[in-house]
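Enquirer: Right, I'll just put the structure down here and ask away after.
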Amino acid sequence: MPPCVTIGLENLKHRFASELKDRRIGLLANPASVDFQFCHAVQVIQDLFPGRLTTLFSPQHGFYAEKQDNMIESPHGKDPELGIPIYSLYSHTRIPTTQMFDNLDTLIVDIQDVGTRVYTFIYTISYCMELAAHTGKSVIILDRPNPIGGTRVEGNVLKPECASFVGRFPIPMRHGMTVGEICRYFNQAFQIGCDLTVVPMSGWKRSMYWHDTGRTWILPSPNLPTPLSCMVYPGQVIFEGTNISEGRGTTLPFECFGAPFMDTAAMAPILNRDVAGASFRPMCFQPTSGKWQGQVCKGFHIHVTAPDDFEPYTASLLALQLIIKCHPDDFEFKPPPYEYEYERLPMDLILGDAAIRTDLCAMTAIREIKARWQLELETFIAESQASYLYD
């Protein structure tokens with residue numbers, strides 16, 4: 001039975017059939033780019049427009065999403081069946097070159113986003129939009145659900161001095177938009193000038209989480225294996241900027257976090273008292289790769305019990321502040337490099353505001369930190385609504 005939400009890839013056959021039949025088509029995709037019958041976008045487009053697909057592109061982690069971690073580059077390749085090039089946009093360059101666009105007229109984008117500022121896919125798309133505008137090409141985005149919903153927007157808006165490939169534009173940590181909507185926002189707010197069209201979904205509502213869509217989750221990157229990992233990711237990603245394991249190398253990436261030195265007994269009562277919509281269950285885990293590989297870590301497994309009440313970014317800021325307070329001699333911020341930034345502190349790039357790191361270390365109350373970003377957050381919400389496609 002088809003799911004209750006129909007995605008852009010499935011709606012493409014109802015749109016642009018005549019416009020695209022004579023155009024050379026490029027496709028930016030990865031393994032999550034499938035329809036409800038698990039047919040990949042390459043095959044869908046090839047069936048709809050035989051012989052028109054000329055070029056493939058892949059984001060971070062590769063066309064087959066086999067690369068596990070940050071700054072692990074993917075090589076260019078060739079599709080074994082069609083014989084067309086696959087250009088990696090996470091290789092020696094993160095920005096497509098003019099030569100890569102030479103053999104296409106329209107770039108189709110079918111990428112599953114996860115609703116969080118610190119995720120490179122949306123910036124890869126933005127660079128493609130810029131090149132398309134420069135070279136006179138068009139871009140069509142096949143829209144997909146935001147797995148963590150479209151009603152909750154959370155966190156500070158990124159400061160320009162903290163811009164990087166994990167935060168290119170001033171948006172909050174949890175942006176509350178679909179991939180099509182946020183690319184419309186980039187195009188309008190930052191005057192990219194791309195000839196951009198979004199093929200919308202049918203049946204998606206802003207209040208939906210992934211489990212409401214009736215769709216099967218296909219992990220868009222190796223360490224977001226479940227919709228729940230996406231739910232906690234807007235907060236748990238901050239631990240990438242520390243010596244605390246964010247659960248890489250375990251079966252619960254981002255859903256668990258810890259380190260050999262963590263005092264879970266001291267932290268658990270505060271986390272479970274002050275965080276709404278989730279329970280922090282003390283646990284031990286031993287990563288098979290990444291931080292603390294082969295060592296037993298003491299930490300927590302986050303169980304989201306009420307998604308509408310849970311604020312993942314706020315929760316992880318509180319957890320980080322508690323770790324800093326309880327373990328001043330063991331806790332460390334991770335030094336550069338991080339996502340091809342070799343001088344600035346990774347934590348500042350992830351948080352998007354160095355003052356938040358300073359406030360956390362100074363034990364400024366989380367409610368005070370939140371109050372300082374509220375006005376910018378409300379401004380973003382008001383401005384971004386012009387790019388919404390769904391009620």
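All residue names refer to the structure tokens as shown: chains lettered A, B, ... in order, residues numbered from 1 in each chain, ligands numbered from 1 in order.
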Can you list, as a VMD selection string, every protein, DNA or RNA residue that comes within 9 Å of Cys230 in chain A when you count only C-alpha atoms, leaving out same-chain residues fewer than 3 positions away?

Expert: chain A and resid 114 to 116 147 to 148 224 to 227 233 to 234 254 to 255

Enquirer: Write the selection just made, keeping N, CA, C and O atoms, as a tab-separated table (two decimals), in the first residue's frame?

Expert:
```tsv
chain	number	residue	atom	x	y	z
A	114	VAL	N	17.81	16.34	7.12
A	114	VAL	CA	17.43	15.92	8.47
A	114	VAL	C	17.03	17.08	9.37
A	114	VAL	O	16.87	16.92	10.57
A	115	GLY	N	16.86	18.27	8.78
A	115	GLY	CA	16.29	19.38	9.53
A	115	GLY	C	17.21	20.11	10.48
A	115	GLY	O	16.74	20.85	11.34
A	116	THR	N	18.53	19.93	10.30
A	116	THR	CA	19.50	20.47	11.25
A	116	THR	C	20.54	21.31	10.52
A	116	THR	O	20.99	20.92	9.44
A	147	PRO	N	12.25	14.96	8.72
A	147	PRO	CA	11.93	13.84	9.61
A	147	PRO	C	11.61	14.26	11.03
A	147	PRO	O	10.99	13.49	11.78
A	148	ILE	N	12.02	15.47	11.42
A	148	ILE	CA	11.75	15.92	12.79
A	148	ILE	C	10.69	17.02	12.81
A	148	ILE	O	10.57	17.77	13.77
A	224	LEU	N	23.05	8.18	10.88
A	224	LEU	CA	21.67	8.55	11.19
A	224	LEU	C	20.78	7.39	10.73
A	224	LEU	O	20.00	7.51	9.78
A	225	PRO	N	20.88	6.25	11.43
A	225	PRO	CA	20.22	5.04	10.96
A	225	PRO	C	18.73	4.96	11.22
A	225	PRO	O	18.04	4.13	10.62
A	226	THR	N	18.19	5.81	12.10
A	226	THR	CA	16.78	5.74	12.44
A	226	THR	C	16.19	7.14	12.55
A	226	THR	O	16.91	8.12	12.75
A	227	PRO	N	14.86	7.27	12.45
A	227	PRO	CA	14.24	8.58	12.69
A	227	PRO	C	14.55	9.11	14.09
A	227	PRO	O	14.65	10.33	14.27
A	233	TYR	N	19.61	14.42	16.96
A	233	TYR	CA	20.80	14.94	16.27
A	233	TYR	C	21.00	16.46	16.40
A	233	TYR	O	22.14	16.91	16.55
A	234	PRO	N	19.94	17.31	16.35
A	234	PRO	CA	20.18	18.75	16.48
A	234	PRO	C	20.89	19.15	17.76
A	234	PRO	O	21.47	20.24	17.84
A	254	PHE	N	24.57	9.01	18.01
A	254	PHE	CA	23.86	10.21	18.43
A	254	PHE	C	22.75	9.94	19.45
A	254	PHE	O	22.39	10.84	20.19
A	255	GLU	N	22.23	8.75	19.50
A	255	GLU	CA	21.25	8.45	20.54
A	255	GLU	C	21.92	8.20	21.88
A	255	GLU	O	21.27	8.30	22.93
```

Enquirer: Which residue is closest to Asp143 in chain A? Choose from A:Leu20, A:Ile84, A:Leu9, A:Met262 and count only C-alpha atoms.

Expert: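 Checking each of A:Leu20, A:Ile84, A:Leu9, A:Met262 against Asp143 in chain A, counting only C-alpha atoms, the winner is A:Leu9.
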
Enquirer: If you run DSSP on the backbone, which residues of range 46-295 of chain A are alpha helix (DSSP H), as number ranges by chain?

Expert: A: 46-48, 121-135, 179-189, 227-236, 264-274

Enquirer: Distance CA of Pro59 in chain A-CA of Leu89 in chain A, one decimal place?

Expert: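 Atom-to-atom, CA of Pro59 in chain A and CA of Leu89 in chain A are spaced 5.3 Å apart.
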
Enquirer: Can you tell me which residues surround range 24-32 of chain A at a distance of at most 6 Å, considering only C-alpha atoms, apart from same-chain residues fewer than 4 positions away, and format the answer as number ranges by chain?

Expert: A: 52-58, 63-64, 104-111, 218, 220

Enquirer: Please produce a file of those selected residues containing all heavy atoms, as a compact mmCIF listing (two decimals), in the first residue's frame.

Expert:
```
# COMPACT_ATOMS: atom_id res chain seq x y z
N ARG A 52 18.24 10.86 -21.29
CA ARG A 52 18.47 12.28 -20.99
C ARG A 52 19.37 12.48 -19.78
O ARG A 52 19.88 13.58 -19.56
CB ARG A 52 17.14 13.01 -20.75
CG ARG A 52 16.10 12.87 -21.85
CD ARG A 52 16.68 13.12 -23.23
NE ARG A 52 17.30 14.43 -23.37
CZ ARG A 52 18.04 14.81 -24.40
NH1 ARG A 52 18.30 13.94 -25.37
NH2 ARG A 52 18.55 16.01 -24.46
N LEU A 53 19.57 11.43 -18.96
CA LEU A 53 20.40 11.55 -17.76
C LEU A 53 21.87 11.46 -18.17
O LEU A 53 22.32 10.44 -18.70
CB LEU A 53 20.04 10.45 -16.76
CG LEU A 53 20.58 10.56 -15.33
CD1 LEU A 53 20.16 11.87 -14.68
CD2 LEU A 53 20.09 9.39 -14.50
N THR A 54 22.61 12.54 -17.93
CA THR A 54 24.00 12.63 -18.42
C THR A 54 25.04 12.67 -17.33
O THR A 54 26.20 12.32 -17.57
CB THR A 54 24.18 13.89 -19.28
OG1 THR A 54 23.97 15.06 -18.45
CG2 THR A 54 23.20 13.91 -20.45
N THR A 55 24.66 13.10 -16.11
CA THR A 55 25.65 13.37 -15.07
C THR A 55 25.04 13.09 -13.70
O THR A 55 23.90 13.47 -13.44
CB THR A 55 26.11 14.85 -15.10
OG1 THR A 55 26.32 15.27 -16.45
CG2 THR A 55 27.39 15.03 -14.31
N LEU A 56 25.84 12.46 -12.83
CA LEU A 56 25.42 12.21 -11.46
C LEU A 56 26.35 12.95 -10.50
O LEU A 56 27.54 13.13 -10.79
CB LEU A 56 25.43 10.71 -11.15
CG LEU A 56 24.53 9.83 -12.01
CD1 LEU A 56 24.72 8.36 -11.66
CD2 LEU A 56 23.06 10.23 -11.85
N PHE A 57 25.79 13.34 -9.35
CA PHE A 57 26.56 14.02 -8.31
C PHE A 57 26.24 13.37 -6.97
O PHE A 57 25.12 12.91 -6.74
CB PHE A 57 26.20 15.51 -8.23
CG PHE A 57 26.49 16.29 -9.48
CD1 PHE A 57 25.55 16.37 -10.50
CD2 PHE A 57 27.71 16.93 -9.65
CE1 PHE A 57 25.81 17.09 -11.66
CE2 PHE A 57 27.98 17.65 -10.81
CZ PHE A 57 27.03 17.73 -11.81
N SER A 58 27.23 13.38 -6.08
CA SER A 58 27.01 12.83 -4.74
C SER A 58 27.43 13.85 -3.69
O SER A 58 28.38 14.60 -3.88
CB SER A 58 27.80 11.53 -4.54
OG SER A 58 29.19 11.77 -4.62
N PHE A 63 28.18 8.60 -3.19
CA PHE A 63 26.97 8.24 -3.90
C PHE A 63 26.32 7.01 -3.29
O PHE A 63 25.11 6.84 -3.33
CB PHE A 63 27.29 7.99 -5.38
CG PHE A 63 26.08 7.97 -6.26
CD1 PHE A 63 25.45 9.16 -6.63
CD2 PHE A 63 25.54 6.78 -6.71
CE1 PHE A 63 24.31 9.15 -7.43
CE2 PHE A 63 24.41 6.75 -7.52
CZ PHE A 63 23.79 7.95 -7.88
N TYR A 64 27.15 6.14 -2.71
CA TYR A 64 26.64 4.93 -2.07
C TYR A 64 26.65 5.04 -0.54
O TYR A 64 26.39 4.05 0.15
CB TYR A 64 27.46 3.72 -2.53
CG TYR A 64 27.51 3.59 -4.04
CD1 TYR A 64 28.65 3.97 -4.73
CD2 TYR A 64 26.40 3.16 -4.75
CE1 TYR A 64 28.69 3.89 -6.12
CE2 TYR A 64 26.43 3.08 -6.14
CZ TYR A 64 27.59 3.45 -6.82
OH TYR A 64 27.61 3.38 -8.20
N LEU A 104 24.95 19.27 -18.83
CA LEU A 104 23.58 19.24 -18.33
C LEU A 104 22.91 20.59 -18.54
O LEU A 104 23.57 21.63 -18.63
CB LEU A 104 23.54 18.84 -16.86
CG LEU A 104 24.17 19.76 -15.80
CD1 LEU A 104 23.19 20.82 -15.30
CD2 LEU A 104 24.68 18.95 -14.63
N ASP A 105 21.61 20.55 -18.66
CA ASP A 105 20.79 21.76 -18.76
C ASP A 105 20.00 22.00 -17.47
O ASP A 105 19.76 23.14 -17.08
CB ASP A 105 19.81 21.66 -19.93
CG ASP A 105 20.51 21.43 -21.25
OD1 ASP A 105 21.40 22.22 -21.60
OD2 ASP A 105 20.17 20.44 -21.94
N THR A 106 19.59 20.89 -16.83
CA THR A 106 18.81 20.96 -15.60
C THR A 106 19.39 19.98 -14.59
O THR A 106 19.65 18.82 -14.94
CB THR A 106 17.33 20.61 -15.86
OG1 THR A 106 16.76 21.57 -16.74
CG2 THR A 106 16.53 20.58 -14.56
N LEU A 107 19.60 20.46 -13.39
CA LEU A 107 20.03 19.59 -12.29
C LEU A 107 18.82 19.24 -11.44
O LEU A 107 18.14 20.12 -10.91
CB LEU A 107 21.08 20.27 -11.42
CG LEU A 107 21.53 19.46 -10.19
CD1 LEU A 107 22.29 18.21 -10.59
CD2 LEU A 107 22.36 20.32 -9.24
N ILE A 108 18.55 17.94 -11.30
CA ILE A 108 17.51 17.46 -10.40
C ILE A 108 18.17 17.06 -9.09
O ILE A 108 19.21 16.39 -9.10
CB ILE A 108 16.74 16.27 -11.01
CG1 ILE A 108 15.98 16.73 -12.26
CG2 ILE A 108 15.78 15.68 -9.99
CD1 ILE A 108 15.23 15.60 -12.96
N VAL A 109 17.60 17.48 -7.99
CA VAL A 109 18.13 17.18 -6.66
C VAL A 109 17.12 16.33 -5.92
O VAL A 109 15.96 16.73 -5.75
CB VAL A 109 18.42 18.47 -5.86
CG1 VAL A 109 18.91 18.13 -4.45
CG2 VAL A 109 19.44 19.35 -6.58
N ASP A 110 17.55 15.14 -5.50
CA ASP A 110 16.68 14.29 -4.67
C ASP A 110 17.49 13.85 -3.46
O ASP A 110 18.15 12.81 -3.48
CB ASP A 110 16.18 13.08 -5.46
CG ASP A 110 15.12 12.30 -4.67
OD1 ASP A 110 14.51 12.89 -3.77
OD2 ASP A 110 14.94 11.10 -4.95
N ILE A 111 17.46 14.65 -2.42
CA ILE A 111 18.29 14.45 -1.22
C ILE A 111 17.41 14.51 0.02
O ILE A 111 16.60 15.44 0.17
CB ILE A 111 19.40 15.52 -1.14
CG1 ILE A 111 20.45 15.29 -2.23
CG2 ILE A 111 20.06 15.53 0.23
CD1 ILE A 111 21.31 14.05 -2.04
N ILE A 218 15.13 5.38 5.07
CA ILE A 218 16.39 4.96 4.44
C ILE A 218 17.46 5.92 4.94
O ILE A 218 17.37 7.13 4.70
CB ILE A 218 16.32 5.01 2.90
CG1 ILE A 218 15.10 4.24 2.38
CG2 ILE A 218 17.61 4.49 2.29
CD1 ILE A 218 15.16 2.75 2.60
N PRO A 220 20.12 8.50 5.34
CA PRO A 220 20.77 9.37 4.36
C PRO A 220 22.28 9.46 4.55
O PRO A 220 22.99 9.86 3.64
CB PRO A 220 20.10 10.72 4.62
CG PRO A 220 19.74 10.68 6.07
CD PRO A 220 19.39 9.25 6.36
```

Enquirer: Could you tell me which of A:Glu383, A:Asp353, A:Glu339, A:Glu154 comes closest to Glu73 in chain A if we count only C-alpha atoms?

Expert: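 Among the listed residues, A:Glu339 lies closest to Glu73 in chain A.
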
Enquirer: Write out as a list in words all residues of range 95-266 of chain A that backbone DSSP assigns to strand (DSSP E or B).

Expert: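 Those in range 95-266 of chain A that DSSP calls strand (DSSP E or B) are Thr106, Leu107, Ile108, Val109, Thr116, Ser138, Val139, Ile140, Ile141, Leu142, Glu154, Ser164, Gly167, Arg174, Asp195, Leu196, Thr197, Val198, Val199, Ser202, Thr242, Ser245, Cys256, Phe257, Gly258 and Ala259 of chain A.
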
Enquirer: Could you save those same residues with N, CA, C and O atoms as a CSV table (one decimal), in the first residue's frame?

Expert:
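Wrote it out as again-v3.csv, contents follow:
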```csv
chain,number,residue,atom,x,y,z
A,106,THR,N,19.6,20.9,-16.8
A,106,THR,CA,18.8,21.0,-15.6
A,106,THR,C,19.4,20.0,-14.6
A,106,THR,O,19.6,18.8,-14.9
A,107,LEU,N,19.6,20.5,-13.4
A,107,LEU,CA,20.0,19.6,-12.3
A,107,LEU,C,18.8,19.2,-11.4
A,107,LEU,O,18.1,20.1,-10.9
A,108,ILE,N,18.5,17.9,-11.3
A,108,ILE,CA,17.5,17.5,-10.4
A,108,ILE,C,18.2,17.1,-9.1
A,108,ILE,O,19.2,16.4,-9.1
A,109,VAL,N,17.6,17.5,-8.0
A,109,VAL,CA,18.1,17.2,-6.7
A,109,VAL,C,17.1,16.3,-5.9
A,109,VAL,O,16.0,16.7,-5.8
A,116,THR,N,18.5,19.9,10.3
A,116,THR,CA,19.5,20.5,11.3
A,116,THR,C,20.5,21.3,10.5
A,116,THR,O,21.0,20.9,9.4
A,138,SER,N,19.1,25.3,-14.9
A,138,SER,CA,18.0,25.3,-13.9
A,138,SER,C,18.1,24.2,-12.9
A,138,SER,O,18.9,23.2,-13.2
A,139,VAL,N,17.5,24.3,-11.8
A,139,VAL,CA,17.5,23.3,-10.7
A,139,VAL,C,16.1,22.9,-10.3
A,139,VAL,O,15.2,23.8,-10.1
A,140,ILE,N,15.8,21.6,-10.2
A,140,ILE,CA,14.6,21.1,-9.7
A,140,ILE,C,14.8,20.3,-8.5
A,140,ILE,O,15.6,19.3,-8.5
A,141,ILE,N,14.2,20.7,-7.4
A,141,ILE,CA,14.4,19.9,-6.2
A,141,ILE,C,13.1,19.0,-5.9
A,141,ILE,O,12.0,19.6,-6.0
A,142,LEU,N,13.3,17.8,-5.7
A,142,LEU,CA,12.2,16.8,-5.4
A,142,LEU,C,12.1,16.8,-3.9
A,142,LEU,O,13.0,16.3,-3.2
A,154,GLU,N,14.3,25.7,16.6
A,154,GLU,CA,15.1,25.8,17.9
A,154,GLU,C,16.5,26.3,17.7
A,154,GLU,O,17.2,25.9,16.7
A,164,SER,N,30.8,28.1,8.0
A,164,SER,CA,31.6,27.0,7.5
A,164,SER,C,30.8,26.1,6.7
A,164,SER,O,29.6,26.4,6.4
A,167,GLY,N,27.7,25.1,8.4
A,167,GLY,CA,26.8,26.2,8.8
A,167,GLY,C,27.1,27.4,7.9
A,167,GLY,O,27.9,28.3,8.2
A,174,ARG,N,17.8,24.0,14.5
A,174,ARG,CA,16.7,23.2,14.0
A,174,ARG,C,15.8,24.1,13.2
A,174,ARG,O,15.2,25.0,13.8
A,195,ASP,N,17.4,29.7,-11.1
A,195,ASP,CA,16.1,29.3,-11.7
A,195,ASP,C,15.7,28.0,-11.0
A,195,ASP,O,16.0,26.9,-11.4
A,196,LEU,N,15.0,28.1,-9.9
A,196,LEU,CA,14.7,27.0,-9.0
A,196,LEU,C,13.2,26.6,-9.0
A,196,LEU,O,12.4,27.5,-8.9
A,197,THR,N,12.9,25.4,-9.1
A,197,THR,CA,11.6,24.8,-9.0
A,197,THR,C,11.6,23.7,-8.0
A,197,THR,O,12.5,22.9,-7.9
A,198,VAL,N,10.6,23.6,-7.1
A,198,VAL,CA,10.5,22.5,-6.1
A,198,VAL,C,9.2,21.7,-6.6
A,198,VAL,O,8.1,22.3,-6.7
A,199,VAL,N,9.4,20.4,-6.8
A,199,VAL,CA,8.3,19.5,-6.9
A,199,VAL,C,7.8,19.1,-5.6
A,199,VAL,O,8.5,18.4,-4.8
A,202,SER,N,2.8,15.5,-1.6
A,202,SER,CA,1.4,15.5,-1.4
A,202,SER,C,1.1,14.8,-0.1
A,202,SER,O,1.7,13.8,0.2
A,242,THR,N,33.9,17.9,20.9
A,242,THR,CA,34.5,17.6,22.2
A,242,THR,C,35.2,16.2,22.2
A,242,THR,O,35.2,15.5,21.2
A,245,SER,N,32.3,10.9,23.3
A,245,SER,CA,31.8,10.1,22.2
A,245,SER,C,30.3,10.5,21.9
A,245,SER,O,29.5,10.5,22.8
A,256,CYS,N,23.2,7.9,21.9
A,256,CYS,CA,23.9,7.7,23.1
A,256,CYS,C,25.2,8.6,23.1
A,256,CYS,O,25.6,9.0,22.0
A,257,PHE,N,25.7,8.9,24.2
A,257,PHE,CA,26.9,9.7,24.4
A,257,PHE,C,27.6,9.4,25.7
A,257,PHE,O,26.9,9.0,26.6
A,258,GLY,N,28.9,9.6,25.7
A,258,GLY,CA,29.6,9.3,27.0
A,258,GLY,C,31.1,9.3,26.8
A,258,GLY,O,31.6,9.6,25.7
A,259,ALA,N,31.8,9.0,27.9
A,259,ALA,CA,33.2,8.9,28.0
A,259,ALA,C,33.6,8.0,29.2
A,259,ALA,O,32.8,7.9,30.1
```

Enquirer: Leaving out Met363 in chain A and any residue of its chain fewer than 3 positions from it, which residues lie within 10 Å of it when counting only C-alpha atoms, given as a ChimeraX atom specification?

Expert: /A:318,321-322,324-325,357-360,366

Enquirer: Lys334 in chain A: which residues within 8 Å, counting only C-alpha atoms, same-chain residues fewer than 2 positions away excluded, as a ChimeraX atom specification?

Expert: /A:240-243,332,336,345-347

Enquirer: Taking into account only C-alpha atoms, which residue in the set A:Leu375, A:Ala365, A:Met129, A:Met267 is nearest to Arg184 in chain A?

Expert: A:Met129

Enquirer: Looking at A:Met201, A:Val44, A:Ala163, A:Ala306, which one is nearest to Thr6 in chain A, with distances taken over only C-alpha atoms?

Expert: A:Met201

Enquirer: I'd like to know which of A:Ile302, A:Pro269, A:Ala17, A:Tyr87 is closest to Met283 in chain A, using only C-alpha atoms.

Expert: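 Under the stated criterion, the closest residue is A:Ile302.
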
Enquirer: For a quick check of understanding, using only C-alpha atoms, which of A:Thr364, A:Asp102, A:Ala133, A:Gly277 has the smallest distance to Gln191 in chain A?

Expert: A:Ala133

Enquirer: Figure out the distance between CA of Glu341 in chain A and CA of Ile95 in chain A, please, to one decimal in Å.

Expert: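 Value for the CA of Ile95 in chain A-CA of Glu341 in chain A distance: 15.2 Å.
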
Enquirer: Taking 3 positions as the minimum chain separation for residues in the same chain, which residues sit within 12 Å of His92 in chain A when counting only C-alpha atoms? Answer as a count of residues only.

Expert: 14
